[in-house]
Amino acid sequence: MLYIVLLLVLAALGLLVTALITGTSLWAWVSIGLSVLAGLLLLVDWLRRRKRADADDAADSDTDSDADADSAEEKDEAAPAEEDAEQTALLPATGELGDPADVPEPKAEKPASEGEPTSEAKAVRDTPPGVEETAPEDLEVVKELEDEVVVVDEYPRYHLVDCGWLSGRDTIPIGVGEARQLGFTPCARCGPDAVLAAAHR
């Protein structure tokens with residue numbers, strides 16, 4: 001195909017030279033026609049090659065997918081055989097089921113050591129205490145106080161320094177009036193508002 005296109009281009013070039021020498025426009029038109037024909041042949045050849053390349057790619061992808069499917073089937077066939085082998089390994093060496101007393105007891109969960117809190121205790125410990133119900137007269141006193149209370153980062157309550165809920169937590173000291181302005185509420189467990197109001201009366 002490429003040889004034909006090359007010959008057509010050379011012929012078109014020769015006719016163009018002839019048209020320029022003789023001054024005849026007919027040779028020029030024939031030269032243009034041969035050039036167009038050569039271009040069409042090149043286009044047809046390119047389309048044919050592209051179609052063949054696409055077909056080859058499709059065949060390659062089909063081969064790959066078939067290989068993947070075969071490997072998946074082999075794995076599926078191997079899986080039951082492995083499960084059977086595992087179950088056989090659990091049986092006694094004699095091939096019989098044996099006495100139920102020979103079967104080992106399942107291991108009981110190890111109780112938490114005394115120093116280690118259970119998950120329920122951890123959940124209770126992480127739950128912030130409720131809000132102290134402050135009497136209106138106590139609230140008027142507490143708002144004006146600068147006595148120090150403590151807060152814990154990411155928890156909404158303020159506490160007395162000796163509050164039992166604070167054990168093992170990092171605390172931040174702050175004035176009780178400022179804590180209230182920042183939106184913290186009193187802890188129901190240690191009752192800071194009642195204690196501080198009573199101390200200042």
# chains A, B, ... in the order shown; residues from 1 in each chain; ligands from 1
>>> select_by_dssp(residues="stretch 145-184 of chain A", states="alpha helix (DSSP H)", output="PyMOL selection string")
chain A and resi 176-181
>>> residues_around(residues="A:Trp46", least_positions_apart="6", cutoff="12 Å", atoms="only C-alpha atoms", output="list of chain:residue names")
A:Met1, A:Leu2, A:Gly39, A:Leu40, A:Arg52, A:Ala53
>>> closest_residue(among="A:Leu166, A:Val142, A:Ala194, A:Ile4", to="A:Asp45", atoms="only C-alpha atoms")
A:Ile4
>>> residues_around(residues="A:Gly130", least_positions_apart="2", cutoff="7 Å", atoms="only C-alpha atoms", output="VMD selection string")
chain A and resid 128 132 187 to 188
>>> write_last_selection(atoms="N, CA and C atoms", output="short mmCIF file (atom, residue, chain, number, x, y, z; two decimals), in the first residue's frame")
data_model
loop_
_atom_site.label_atom_id
_atom_site.label_comp_id
_atom_site.auth_asym_id
_atom_site.auth_seq_id
_atom_site.Cartn_x
_atom_site.Cartn_y
_atom_site.Cartn_z
N PRO A 128 -19.42 12.14 81.54
CA PRO A 128 -19.33 13.28 82.45
C PRO A 128 -20.48 13.25 83.44
N GLU A 132 -25.20 20.18 88.38
CA GLU A 132 -25.70 20.53 89.72
C GLU A 132 -26.86 21.52 89.57
N CYS A 187 -20.62 20.65 88.31
CA CYS A 187 -20.67 19.19 88.43
C CYS A 187 -21.64 18.79 89.54
N ALA A 188 -22.54 17.86 89.26
CA ALA A 188 -23.49 17.41 90.27
C ALA A 188 -22.83 16.53 91.32
#
>>> residues_around(residues="A:Leu139", least_positions_apart="6", cutoff="12 Å", atoms="only C-alpha atoms", output="VMD selection string")
chain A and resid 132 to 133 145 176 to 177 180 185 to 186 192 to 198
>>> closest_residue(among="A:Ala135, A:Ile172, A:Leu15, A:Leu6", to="A:Ala38", atoms="only C-alpha atoms")
A:Leu6
>>> atom_distance(atom1="atom CA of A:Val151", atom2="atom CA of A:Ile174")
7.3 Å
>>> decode(residues="stretch 9-24 of chain A", atoms="N, CA, C and O atoms", output="compact mmCIF listing (two decimals), in the first residue's frame")
# COMPACT_ATOMS: atom_id res chain seq x y z
N VAL A 9 2.33 9.80 -5.50
CA VAL A 9 2.90 11.11 -5.15
C VAL A 9 3.95 11.52 -6.18
O VAL A 9 4.00 12.68 -6.62
N LEU A 10 4.81 10.55 -6.58
CA LEU A 10 5.83 10.87 -7.59
C LEU A 10 5.18 11.25 -8.92
O LEU A 10 5.63 12.19 -9.61
N ALA A 11 4.11 10.52 -9.29
CA ALA A 11 3.43 10.83 -10.56
C ALA A 11 2.79 12.21 -10.49
O ALA A 11 2.85 12.99 -11.46
N ALA A 12 2.19 12.53 -9.33
CA ALA A 12 1.57 13.85 -9.18
C ALA A 12 2.62 14.94 -9.28
O ALA A 12 2.40 16.00 -9.90
N LEU A 13 3.80 14.70 -8.70
CA LEU A 13 4.88 15.68 -8.77
C LEU A 13 5.34 15.87 -10.22
O LEU A 13 5.56 17.00 -10.68
N GLY A 14 5.48 14.74 -10.93
CA GLY A 14 5.90 14.82 -12.33
C GLY A 14 4.89 15.59 -13.18
O GLY A 14 5.25 16.41 -14.03
N LEU A 15 3.58 15.32 -12.95
CA LEU A 15 2.55 16.02 -13.72
C LEU A 15 2.52 17.51 -13.39
O LEU A 15 2.24 18.33 -14.26
N LEU A 16 2.81 17.84 -12.12
CA LEU A 16 2.82 19.25 -11.73
C LEU A 16 3.95 19.99 -12.46
O LEU A 16 3.78 21.10 -12.96
N VAL A 17 5.13 19.33 -12.53
CA VAL A 17 6.26 19.93 -13.25
C VAL A 17 5.91 20.10 -14.73
O VAL A 17 6.18 21.13 -15.36
N THR A 18 5.26 19.08 -15.29
CA THR A 18 4.85 19.14 -16.70
C THR A 18 3.87 20.29 -16.93
O THR A 18 3.97 21.02 -17.93
N ALA A 19 2.92 20.46 -16.01
CA ALA A 19 1.94 21.54 -16.16
C ALA A 19 2.63 22.90 -16.10
O ALA A 19 2.25 23.82 -16.83
N LEU A 20 3.66 23.04 -15.24
CA LEU A 20 4.36 24.32 -15.15
C LEU A 20 5.16 24.60 -16.42
O LEU A 20 5.26 25.75 -16.88
N ILE A 21 5.73 23.55 -16.99
CA ILE A 21 6.58 23.75 -18.20
C ILE A 21 5.71 24.06 -19.41
O ILE A 21 6.01 24.99 -20.17
N THR A 22 4.63 23.29 -19.57
CA THR A 22 3.80 23.45 -20.78
C THR A 22 2.76 24.54 -20.63
O THR A 22 2.21 25.01 -21.63
N GLY A 23 2.46 24.91 -19.39
CA GLY A 23 1.44 25.93 -19.16
C GLY A 23 0.03 25.39 -19.33
O GLY A 23 -0.91 26.17 -19.49
N THR A 24 -0.15 24.06 -19.32
CA THR A 24 -1.48 23.44 -19.48
C THR A 24 -2.06 23.13 -18.10
O THR A 24 -1.43 22.45 -17.28
